[in-house]
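Engineer: Input coords27.txt, format and content: compact mmCIF, C-alpha atoms.
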# COMPACT_ATOMS: atom_id res chain seq x y z
CA MET D 174 -85.60 33.73 80.71
CA LYS D 175 -87.63 31.88 83.36
CA THR D 176 -89.23 29.70 80.64
CA ARG D 177 -85.78 28.81 79.26
CA ARG D 178 -84.59 27.79 82.76
CA MET D 179 -87.70 25.63 83.26
CA VAL D 180 -87.14 23.88 79.91
CA SER D 181 -83.48 23.25 80.82
CA ALA D 182 -84.51 21.81 84.15
CA LEU D 183 -87.04 19.50 82.51
CA ILE D 184 -84.39 18.32 80.03
CA LEU D 185 -82.03 17.53 82.92
CA VAL D 186 -84.77 15.60 84.71
CA GLY D 187 -85.46 13.68 81.49
CA VAL D 188 -81.77 12.85 81.09
CA ALA D 189 -81.62 11.70 84.70
CA LEU D 190 -84.65 9.47 84.14
CA LEU D 191 -83.06 7.99 81.02
CA VAL D 192 -79.84 7.29 82.94
CA THR D 193 -81.53 5.73 85.95
CA ALA D 194 -84.29 3.85 84.15
CA PRO D 195 -82.04 1.00 82.90
CA ASN D 196 -80.70 0.51 86.45
CA ARG D 197 -84.23 0.15 87.82
CA ALA D 198 -85.04 -2.28 85.01
CA ALA D 199 -81.92 -4.28 85.80
CA ASP D 200 -82.85 -4.38 89.48
CA ALA D 201 -86.32 -5.59 88.56
CA GLN D 202 -84.88 -8.40 86.48
CA GLY D 203 -82.45 -9.38 89.22
CA GLN D 204 -78.68 -9.67 89.16
CA PRO D 205 -77.12 -12.98 88.07
CA ILE D 206 -76.05 -15.37 90.83
CA LYS D 207 -72.66 -16.97 90.22
CA ILE D 208 -72.35 -20.54 91.50
CA GLY D 209 -69.04 -22.38 91.40
CA VAL D 210 -69.82 -26.07 90.86
CA LEU D 211 -66.83 -28.13 91.99
CA PHE D 212 -66.73 -31.85 91.19
CA ASP D 213 -64.19 -34.32 89.83
CA HIS D 214 -64.54 -34.53 86.05
CA THR D 215 -61.33 -36.51 85.65
CA GLY D 216 -59.49 -39.15 87.66
CA PRO D 217 -60.99 -42.19 89.43
CA PHE D 218 -63.68 -40.25 91.33
CA ALA D 219 -65.33 -39.15 88.08
CA ALA D 220 -66.55 -42.65 87.22
CA GLY D 221 -67.17 -43.40 90.90
CA GLY D 222 -70.12 -41.01 91.01
CA SER D 223 -68.73 -37.47 90.82
CA LEU D 224 -69.62 -36.96 87.17
CA ASN D 225 -73.18 -38.12 87.80
CA CYS D 226 -73.46 -35.66 90.69
CA TRP D 227 -72.35 -32.85 88.37
CA ARG D 228 -74.89 -33.94 85.77
CA GLY D 229 -77.67 -33.81 88.34
CA ALA D 230 -76.62 -30.36 89.59
CA LYS D 231 -76.29 -28.97 86.07
CA MET D 232 -79.71 -30.29 85.06
CA MET D 233 -81.28 -28.50 88.02
CA ILE D 234 -79.47 -25.22 87.29
CA ASP D 235 -80.57 -25.44 83.66
CA TYR D 236 -84.15 -26.16 84.75
CA ILE D 237 -84.24 -23.12 87.06
CA ASN D 238 -82.74 -20.88 84.39
CA GLU D 239 -85.34 -22.03 81.87
CA LYS D 240 -87.98 -20.85 84.35
CA GLY D 241 -86.38 -17.40 84.43
CA GLY D 242 -83.96 -18.04 87.29
CA VAL D 243 -84.41 -18.01 91.07
CA LEU D 244 -87.73 -16.31 91.87
CA GLY D 245 -88.22 -16.09 88.11
CA GLN D 246 -85.68 -13.29 87.73
CA TYR D 247 -82.22 -14.16 89.13
CA LYS D 248 -80.42 -16.20 86.49
CA ILE D 249 -77.72 -18.65 87.60
CA VAL D 250 -74.25 -18.41 86.05
CA GLN D 251 -72.62 -21.82 86.49
CA ILE D 252 -68.82 -21.86 86.64
CA ASP D 253 -67.32 -25.35 86.79
CA GLY D 254 -64.22 -26.57 88.58
CA ASP D 255 -62.49 -29.94 88.19
CA GLY D 256 -60.93 -31.37 91.36
CA GLN D 257 -59.26 -34.07 89.21
CA SER D 258 -59.73 -36.57 92.08
CA LYS D 259 -56.88 -34.86 93.98
CA ALA D 260 -57.34 -32.93 97.23
CA GLU D 261 -54.69 -30.28 96.46
CA VAL D 262 -56.21 -29.63 93.03
CA ALA D 263 -59.71 -29.37 94.50
CA ILE D 264 -58.49 -26.80 97.05
CA ASN D 265 -56.79 -24.76 94.30
CA GLU D 266 -59.94 -24.92 92.15
CA ALA D 267 -62.03 -23.72 95.08
CA GLU D 268 -59.66 -20.76 95.58
CA ARG D 269 -59.95 -19.90 91.88
CA LEU D 270 -63.73 -20.05 91.89
CA LEU D 271 -64.03 -17.96 95.06
CA ASN D 272 -61.30 -15.38 94.56
CA VAL D 273 -60.75 -15.13 90.79
CA ASP D 274 -64.18 -15.93 89.37
CA LYS D 275 -65.78 -14.30 92.45
CA VAL D 276 -68.62 -16.80 92.72
CA ASP D 277 -71.37 -16.06 95.23
CA ILE D 278 -71.75 -19.73 96.22
CA LEU D 279 -69.40 -22.71 96.09
CA ALA D 280 -71.33 -25.96 95.64
CA GLY D 281 -70.71 -29.64 94.96
CA ILE D 282 -67.76 -31.63 96.39
CA TYR D 283 -67.84 -35.40 95.85
CA SER D 284 -64.96 -36.70 97.95
CA SER D 285 -64.84 -36.44 101.74
CA ALA D 286 -61.05 -36.23 101.47
CA HIS D 287 -61.64 -32.93 99.64
CA ALA D 288 -64.59 -31.73 101.71
CA VAL D 289 -62.93 -31.97 105.13
CA PRO D 290 -60.09 -29.49 104.41
CA LEU D 291 -62.18 -27.38 102.02
CA ALA D 292 -64.98 -26.74 104.49
CA GLU D 293 -62.62 -25.25 107.06
CA LYS D 294 -60.76 -23.11 104.51
CA VAL D 295 -63.91 -21.74 102.88
CA ASP D 296 -65.64 -21.10 106.19
CA LYS D 297 -62.66 -19.10 107.47
CA GLN D 298 -63.00 -16.86 104.42
CA LYS D 299 -66.67 -16.33 105.39
CA ARG D 300 -67.83 -17.69 102.04
CA PHE D 301 -70.89 -19.88 101.52
CA LEU D 302 -70.31 -23.60 100.82
CA TRP D 303 -73.14 -25.99 99.88
CA ILE D 304 -72.01 -29.65 99.97
CA THR D 305 -74.20 -31.94 97.86
CA THR D 306 -72.39 -35.26 98.16
CA ALA D 307 -69.33 -35.86 100.40
CA ILE D 308 -70.55 -37.70 103.51
CA SER D 309 -67.83 -37.72 106.19
CA SER D 310 -69.11 -36.51 109.57
CA LYS D 311 -65.63 -35.00 110.10
CA VAL D 312 -66.66 -32.16 107.77
CA PHE D 313 -68.73 -30.74 110.65
CA ASP D 314 -67.91 -32.63 113.85
CA GLY D 315 -66.94 -30.09 116.52
CA ARG D 316 -66.00 -27.37 114.01
CA ASN D 317 -68.99 -25.03 114.51
CA LEU D 318 -68.90 -23.96 110.85
CA GLN D 319 -70.99 -20.87 110.11
CA TYR D 320 -71.24 -20.78 106.30
CA THR D 321 -71.10 -24.47 105.34
CA PHE D 322 -74.24 -26.60 104.93
CA ARG D 323 -74.95 -30.14 103.77
CA PRO D 324 -78.37 -31.73 103.14
CA GLN D 325 -76.69 -35.11 102.52
CA ALA D 326 -76.56 -37.97 105.06
CA THR D 327 -73.35 -38.69 107.02
CA GLY D 328 -70.89 -41.53 106.66
CA ASP D 329 -71.45 -42.96 110.12
CA GLN D 330 -75.17 -43.22 109.26
CA PHE D 331 -74.23 -45.32 106.22
CA GLY D 332 -72.11 -47.68 108.31
CA SER D 333 -74.64 -47.99 111.07
CA LEU D 334 -77.61 -48.69 108.80
CA SER D 335 -75.82 -51.46 106.88
CA VAL D 336 -75.16 -53.36 110.10
CA GLN D 337 -78.73 -52.78 111.28
CA TYR D 338 -79.97 -54.22 107.98
CA ILE D 339 -78.00 -57.45 108.36
CA ALA D 340 -79.00 -57.78 112.01
CA GLU D 341 -82.70 -57.51 111.19
CA TYR D 342 -82.59 -60.09 108.39
CA SER D 343 -80.11 -62.54 109.89
CA GLN D 344 -82.56 -65.04 111.36
CA GLU D 345 -84.90 -64.97 108.35
CA LYS D 346 -82.27 -65.15 105.61
CA PHE D 347 -79.23 -66.82 107.21
CA LYS D 348 -81.16 -69.03 109.62
CA LYS D 349 -79.11 -67.95 112.61
CA PRO D 350 -79.14 -65.11 115.17
CA ALA D 351 -77.17 -62.02 114.18
CA LYS D 352 -74.79 -62.55 117.12
CA GLU D 353 -73.60 -65.78 115.50
CA LEU D 354 -72.60 -64.07 112.25
CA ARG D 355 -68.95 -63.27 111.53
CA LEU D 356 -68.60 -59.68 110.23
CA ALA D 357 -65.62 -58.11 108.46
CA ILE D 358 -65.18 -54.40 107.76
CA ILE D 359 -62.71 -53.14 105.14
CA HIS D 360 -62.37 -49.55 103.93
CA GLU D 361 -60.26 -47.04 102.11
CA ASP D 362 -58.31 -45.19 104.79
CA GLY D 363 -59.37 -41.62 103.97
CA ALA D 364 -62.02 -39.52 105.71
CA TYR D 365 -64.85 -41.22 103.81
CA GLY D 366 -63.95 -44.85 104.43
CA THR D 367 -62.84 -44.31 108.01
CA ASP D 368 -66.09 -42.58 108.92
CA VAL D 369 -68.33 -45.26 107.40
CA ALA D 370 -66.30 -48.09 108.93
CA LEU D 371 -66.51 -46.50 112.37
CA GLY D 372 -70.29 -46.28 112.01
CA SER D 373 -70.41 -50.01 111.22
CA GLU D 374 -68.09 -50.89 114.08
CA LEU D 375 -70.03 -48.86 116.66
CA LYS D 376 -73.40 -50.27 115.57
CA ALA D 377 -72.00 -53.82 115.70
CA LYS D 378 -70.70 -53.19 119.21
CA GLU D 379 -74.04 -51.71 120.26
CA LEU D 380 -75.87 -54.82 119.00
CA GLY D 381 -73.30 -57.24 120.42
CA LEU D 382 -72.24 -58.56 117.01
CA ASN D 383 -68.96 -60.32 116.20
CA VAL D 384 -66.50 -58.27 114.10
CA VAL D 385 -63.66 -60.61 113.14
CA LEU D 386 -61.65 -58.07 111.10
CA LYS D 387 -61.59 -54.30 110.60
CA GLU D 388 -58.87 -52.96 108.32
CA GLY D 389 -58.18 -49.97 106.11
CA TYR D 390 -56.13 -49.69 102.92
CA SER D 391 -54.86 -46.94 100.63
CA ILE D 392 -56.85 -46.28 97.46
CA GLN D 393 -53.44 -45.97 95.77
CA ALA D 394 -52.49 -49.54 96.72
CA PRO D 395 -51.48 -51.49 93.59
CA ASP D 396 -52.24 -54.83 95.24
CA LEU D 397 -54.87 -55.89 97.79
CA SER D 398 -54.13 -59.61 97.76
CA SER D 399 -52.77 -59.57 101.33
CA LEU D 400 -56.08 -58.10 102.53
CA VAL D 401 -57.95 -60.86 100.68
CA THR D 402 -55.70 -63.42 102.37
CA LYS D 403 -56.58 -62.00 105.80
CA LEU D 404 -60.26 -62.12 104.97
CA ARG D 405 -60.02 -65.74 103.88
CA SER D 406 -58.32 -66.61 107.17
CA VAL D 407 -61.10 -65.08 109.32
CA ARG D 408 -63.94 -66.52 107.18
CA PRO D 409 -66.54 -63.70 107.42
CA ASP D 410 -70.20 -64.36 106.71
CA VAL D 411 -70.78 -60.70 105.83
CA LEU D 412 -68.28 -58.30 104.30
CA PHE D 413 -68.81 -54.52 104.65
CA HIS D 414 -66.69 -52.60 102.12
CA THR D 415 -66.22 -48.85 101.67
CA GLY D 416 -64.16 -47.71 98.68
CA TYR D 417 -64.18 -45.60 95.55
CA ASN D 418 -63.88 -47.03 92.03
CA PRO D 419 -60.53 -48.50 90.91
CA ASP D 420 -59.86 -49.92 94.38
CA ILE D 421 -63.26 -51.65 94.43
CA ALA D 422 -62.56 -53.23 91.02
CA LEU D 423 -59.08 -54.31 92.17
CA PHE D 424 -60.39 -55.86 95.36
CA LEU D 425 -63.23 -57.74 93.64
CA ARG D 426 -60.93 -59.08 90.95
CA GLN D 427 -58.39 -60.36 93.47
CA ALA D 428 -61.10 -61.70 95.79
CA LYS D 429 -62.45 -63.74 92.87
CA GLU D 430 -58.98 -64.98 91.90
CA GLN D 431 -58.16 -66.05 95.48
CA GLY D 432 -61.49 -67.70 96.12
CA LEU D 433 -62.88 -65.46 98.88
CA ARG D 434 -66.35 -66.63 99.90
CA VAL D 435 -68.99 -64.69 101.85
CA ARG D 436 -72.73 -64.90 102.34
CA ALA D 437 -73.38 -61.16 101.86
CA TYR D 438 -71.42 -58.29 100.33
CA ILE D 439 -72.36 -54.76 101.45
CA GLY D 440 -70.86 -51.69 99.77
CA HIS D 441 -71.34 -48.08 100.80
CA GLY D 442 -72.01 -45.61 97.99
CA ALA D 443 -69.36 -44.26 95.58
CA GLY D 444 -68.23 -47.01 93.18
CA HIS D 445 -70.66 -49.53 94.65
CA SER D 446 -73.54 -47.36 93.43
CA GLN D 447 -72.34 -47.18 89.80
CA ILE D 448 -73.97 -50.30 88.40
CA ASP D 449 -72.60 -49.80 84.89
CA LYS D 450 -69.02 -49.62 86.18
CA LEU D 451 -69.53 -52.70 88.36
CA LYS D 452 -70.81 -54.64 85.36
CA GLU D 453 -67.89 -53.44 83.29
CA ALA D 454 -65.32 -54.45 85.91
CA PHE D 455 -66.86 -57.64 87.28
CA GLY D 456 -69.65 -58.85 84.96
CA ALA D 457 -73.44 -58.49 85.01
CA ARG D 458 -74.25 -61.92 86.49
CA GLU D 459 -71.41 -61.71 89.00
CA ILE D 460 -72.74 -58.58 90.72
CA GLU D 461 -76.24 -59.96 91.32
CA GLY D 462 -76.94 -59.65 95.05
CA PHE D 463 -74.35 -56.91 95.68
CA HIS D 464 -75.52 -54.12 98.01
CA THR D 465 -74.85 -50.43 98.31
CA LEU D 466 -75.94 -47.67 100.68
CA ASP D 467 -76.78 -44.16 99.53
CA PRO D 468 -79.51 -41.59 99.89
CA ILE D 469 -82.48 -42.90 97.94
CA ALA D 470 -82.39 -42.68 94.15
CA SER D 471 -85.42 -40.45 93.61
CA GLN D 472 -86.98 -42.54 90.85
CA LEU D 473 -87.31 -45.52 93.22
CA LEU D 474 -89.73 -43.66 95.48
CA ASP D 475 -93.48 -43.50 94.93
CA GLY D 476 -93.98 -39.83 94.05
CA ARG D 477 -97.59 -40.03 95.24
CA LYS D 478 -96.32 -40.45 98.81
CA LEU D 479 -94.24 -37.26 98.66
CA LYS D 480 -95.37 -33.66 99.04
CA PRO D 481 -97.30 -32.24 96.06
CA GLY D 482 -95.08 -31.39 93.11
CA VAL D 483 -92.03 -33.32 94.31
CA GLY D 484 -92.75 -36.44 92.27
CA GLU D 485 -93.09 -34.30 89.14
CA MET D 486 -89.56 -32.99 89.71
CA THR D 487 -88.25 -36.56 89.82
CA ALA D 488 -89.94 -37.24 86.48
CA GLU D 489 -88.22 -34.12 85.14
CA MET D 490 -84.84 -35.41 86.35
CA VAL D 491 -85.34 -38.79 84.66
CA ARG D 492 -86.50 -37.19 81.41
CA ARG D 493 -83.52 -34.83 81.25
CA TYR D 494 -80.97 -37.51 82.15
CA LYS D 495 -82.22 -39.86 79.44
CA THR D 496 -82.35 -37.06 76.88
CA LEU D 497 -78.89 -35.71 77.64
CA TYR D 498 -76.81 -38.65 78.82
CA ASP D 499 -78.25 -42.14 78.29
CA LYS D 500 -81.44 -42.59 76.29
CA ASP D 501 -81.41 -46.40 76.75
CA VAL D 502 -80.92 -46.58 80.51
CA GLN D 503 -83.72 -48.11 82.55
CA ASP D 504 -85.24 -45.55 84.89
CA ARG D 505 -84.44 -47.69 87.94
CA ALA D 506 -80.80 -48.02 86.88
CA ILE D 507 -80.04 -44.29 87.02
CA ALA D 508 -77.39 -43.94 89.74
CA PRO D 509 -78.40 -42.29 93.04
CA HIS D 510 -75.60 -39.75 92.53
CA VAL D 511 -77.73 -38.12 89.82
CA SER D 512 -80.46 -37.62 92.42
CA MET D 513 -77.94 -36.18 94.90
CA GLY D 514 -76.84 -33.50 92.47
CA PHE D 515 -80.35 -32.72 91.24
CA ASN D 516 -82.22 -32.84 94.56
CA ASN D 517 -79.63 -31.11 96.73
CA MET D 518 -79.17 -28.32 94.20
CA TRP D 519 -82.97 -27.99 94.10
CA ILE D 520 -83.03 -27.45 97.88
CA LEU D 521 -80.52 -24.62 97.49
CA LEU D 522 -82.21 -22.93 94.52
CA ASN D 523 -85.82 -23.56 95.48
CA ASP D 524 -85.69 -23.06 99.27
CA VAL D 525 -82.55 -21.34 100.56
CA LEU D 526 -81.84 -18.76 97.85
CA PRO D 527 -85.40 -17.39 97.51
CA ARG D 528 -85.60 -16.83 101.28
CA ALA D 529 -82.15 -15.23 101.39
CA ILE D 530 -83.20 -12.73 98.72
CA GLN D 531 -86.72 -12.00 99.93
CA LYS D 532 -86.17 -12.06 103.68
CA HIS D 533 -82.49 -11.28 104.20
CA GLY D 534 -81.78 -8.82 101.41
CA GLY D 535 -79.66 -10.71 98.91
CA PHE D 536 -77.40 -13.68 98.29
CA GLY D 537 -74.26 -12.74 100.23
CA PRO D 538 -72.79 -15.25 102.72
CA GLU D 539 -74.62 -13.82 105.75
CA ALA D 540 -78.00 -13.78 104.01
CA LEU D 541 -77.49 -17.31 102.69
CA ALA D 542 -76.40 -18.67 106.08
CA LYS D 543 -79.40 -17.11 107.82
CA ALA D 544 -81.74 -18.51 105.18
CA ALA D 545 -80.20 -21.99 105.41
CA ARG D 546 -80.63 -22.06 109.20
CA GLU D 547 -84.33 -21.34 108.66
CA THR D 548 -84.86 -24.22 106.24
CA ASP D 549 -87.59 -26.50 107.58
CA ILE D 550 -88.62 -29.11 105.01
CA PRO D 551 -90.61 -32.05 106.43
CA GLU D 552 -90.01 -35.70 105.53
CA GLY D 553 -91.39 -36.33 102.06
CA GLY D 554 -90.61 -32.77 101.03
CA THR D 555 -87.59 -33.59 98.84
CA MET D 556 -87.09 -35.88 95.87
CA GLN D 557 -84.98 -38.26 97.96
CA GLY D 558 -87.64 -38.49 100.63
CA TYR D 559 -85.82 -36.98 103.60
CA GLY D 560 -86.62 -33.65 105.21
CA VAL D 561 -84.17 -30.80 105.77
CA LYS D 562 -83.39 -29.00 109.01
CA PHE D 563 -79.81 -27.94 109.71
CA TYR D 564 -78.24 -28.23 113.16
CA PRO D 565 -77.84 -24.69 114.55
CA ALA D 566 -74.65 -22.78 115.29
CA GLY D 567 -73.02 -24.07 118.45
CA HIS D 568 -74.18 -27.66 117.87
CA ARG D 569 -71.53 -30.36 117.47
CA PHE D 570 -72.67 -30.85 113.85
CA ALA D 571 -73.65 -27.25 113.03
CA GLY D 572 -74.60 -27.07 109.34
CA GLN D 573 -75.43 -30.77 108.90
CA ASN D 574 -78.96 -31.81 107.98
CA GLU D 575 -80.45 -33.57 111.01
CA ARG D 576 -83.29 -35.12 108.96
CA SER D 577 -81.20 -36.88 106.30
CA TYR D 578 -80.85 -40.64 106.02
CA PRO D 579 -79.44 -43.23 103.61
CA ALA D 580 -81.04 -46.47 102.46
CA VAL D 581 -79.90 -49.97 101.45
CA PHE D 582 -80.08 -51.00 97.78
CA GLU D 583 -79.41 -54.37 96.21
CA ILE D 584 -78.82 -55.44 92.62
CA ILE D 585 -81.72 -57.79 91.86
CA GLU D 586 -82.28 -59.02 88.30
CA GLY D 587 -79.72 -56.56 87.04
CA LYS D 588 -81.12 -53.39 88.57
CA PHE D 589 -81.12 -51.61 91.94
CA GLU D 590 -84.01 -52.33 94.27
CA LEU D 591 -84.57 -50.51 97.56
CA VAL D 592 -84.54 -53.21 100.27
CA PHE D 593 -84.17 -51.35 103.59
CA PRO D 594 -85.64 -49.68 105.64
CA LYS D 595 -88.63 -51.97 105.25
CA ALA D 596 -91.10 -49.06 105.26
CA VAL D 597 -89.81 -47.78 101.90
CA ALA D 598 -88.58 -51.05 100.35
CA THR D 599 -89.47 -51.78 96.73
CA ALA D 600 -88.46 -55.47 96.95
CA PRO D 601 -87.49 -58.08 99.57
CA PRO D 602 -83.73 -58.60 99.85
CA LEU D 603 -81.90 -61.35 98.00
CA LEU D 604 -79.87 -63.00 100.77
CA PRO D 605 -77.54 -64.83 100.87
CA LEU D 606 -75.54 -64.14 97.68
CA PRO D 607 -76.87 -66.16 94.73
CA ALA D 608 -74.79 -69.02 93.32
CA SER D 609 -74.04 -66.91 90.21
CA SER D 610 -71.73 -64.71 92.31
CA PRO D 611 -68.07 -65.79 92.42
CA LEU D 612 -68.01 -64.58 96.04
CA ALA D 613 -70.96 -66.71 97.13
CA ALA D 614 -70.26 -69.19 99.93
CA ARG D 615 -70.42 -72.74 98.64
Please go through the file and, once you have read it, give me the structure as structure tokens.

Structural biologist:
Amino acid sequence: MKTRRMVSALILVGVALLVTAPNRAADAQGQPIKIGVLFDHTGPFAAGGSLNCWRGAKMMIDYINEKGGVLGQYKIVQIDGDGQSKAEVAINEAERLLNVDKVDILAGIYSSAHAVPLAEKVDKQKRFLWITTAISSKVFDGRNLQYTFRPQATGDQFGSLSVQYIAEYSQEKFKKPAKELRLAIIHEDGAYGTDVALGSELKAKELGLNVVLKEGYSIQAPDLSSLVTKLRSVRPDVLFHTGYNPDIALFLRQAKEQGLRVRAYIGHGAGHSQIDKLKEAFGAREIEGFHTLDPIASQLLDGRKLKPGVGEMTAEMVRRYKTLYDKDVQDRAIAPHVSMGFNNMWILLNDVLPRAIQKHGGFGPEALAKAARETDIPEGGTMQGYGVKFYPAGHRFAGQNERSYPAVFEIIEGKFELVFPKAVATAPPLLPLPASSPLAAR
């Protein structure tokens, strides 16, 4: 009788082991991490850079999954959302990803007009938001967000640096002091354009420069000829322009038709960074000498000057992009938005998530926020060159990367060259605009 009871007990133990063994194996392999990747796949923002950001982010997620997932065991499940270049649609897509698909992380966001309302809504739900692209400082300014983080540079930094660039090269290239230049600032009137334009205006005021016009316009405007007329009347030497994609093409077309002439044309990211779209809308020779500001396209940096292993990741990005999307593109012509998606997703998957899991017990919002606040990547530690350290809770810009910065690019001989800051430049700037440009001052 005792023997029979012992055998029964052993059988029960064996059954229990069989039942629990798969659970332990599953724990060892790691649970999947669901990431909602929200960009604009349709509408004007798609061609303005959003689709390239998504491509970069997807390539990084695929790369990590091929290596076994985060920490070699937590596979990423990517669930896409399409904001359709409309703020209300982007908000609805975010709600779907968070509350229907139950993603652990919401990532992406191209447009600042989407990011500003989304950040507040998501943060109030105590869900984790990782912004790879949208640059408006209004996303964070004074909001003390707890679960929203952005490694990307801010719009006011874009505007400020473009003015600094012109000021430093004025005497050498225009043969006159910067204070004698006539500057004009035009911008789309959403969160993105307003923020960049304010950065330009404040830097110009700080340097004592002469701003002869500052004016916003709606990206929905069917006609910008009156703005061109105003610009012609104030005769700017340098035009600073912040827009998206269709509005940039509309403005350039009407500026050409009406005979606007400037000595330098400075764009700020978005459509100005999509060289293929600029060529398509305005012509290859016509855009020679055009500028844009963005975080550095990774392939323009010397990988040997970055931390060990970082340059190899850039080579991986270039290889994947050419294999998947454009086998004929020159390496240097790959838009910086690809780097934004790839690099900023890499920071999340390679730095924040592993620490959240290993140190803070998982990948819930609290663990992720704690891990993000502990991120401490020095300059040269990312593919775009900048370091990463987020402003702490209670700071005016809590959640924003304090080590980020943009750079100035120029189209020289049909491809982007990095021209400012001087310490990282790959070529001297081409100033003023060459005679081939219809906007060039005669």

Engineer: Pick out the residues sitting within 7 Å of Ala357 (chain D), and hand them over as a ChimeraX atom specification; count all atoms listed in the file, and ignore anything fewer than 6 positions along from it in its own chain.

Structural biologist: /D:384-387,409,411-413

Engineer: From the list D:Asn574, D:Gln557, D:Ser406, D:Thr306, which residue is nearest Gly476 (chain D) when using all atoms listed in the file?

Structural biologist: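 Under the stated criterion, the closest residue is D:Gln557.
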
Engineer: Considering only C-alpha atoms, return as a ChimeraX atom specification whatever protein or nucleic-acid residues lie within 10 Å of Val295 (chain D), sequence-local ones (same chain, fewer than 3 positions apart) excluded.

Structural biologist: /D:264,267-268,271,279,290-292,298-302,318,320-321

Engineer: Which one is closest to Asp314 (chain D): D:Arg576, D:Lys403, D:Arg458, D:His568? Count all atoms listed in the file.

Structural biologist: D:His568

Engineer: List the spatial neighbours of Leu521 (chain D) as a ChimeraX atom specification - criterion: any atom at most 9 Å away, all atoms listed in the file, same-chain residues fewer than 5 positions off excluded.

Structural biologist: /D:303,516,526-527,545

Engineer: Please tabulate, as a Markdown table, the residues of region 411-527 of chain D that come within 8 Å of region 593-605 of chain D, each with its closest pair of atoms and the distance in Å to one decimal, counting all atoms listed in the file and ordering rows by chain, then residue number upward.

Structural biologist:
| residue | atom | partner | partner_atom | distance |
| --- | --- | --- | --- | --- |
| D:Arg436 | CA | D:Pro605 | CA | 5.0 |
| D:Ala437 | CA | D:Pro605 | CA | 5.6 |
| D:Gly462 | CA | D:Leu603 | CA | 6.0 |
| D:Leu473 | CA | D:Thr599 | CA | 7.5 |
| D:Leu474 | CA | D:Val597 | CA | 7.6 |

Engineer: Figure out the distance between CA of Lys259 (chain D) and CA of Lys429 (chain D), please, to one decimal in Å.

Structural biologist: 29.4 Å
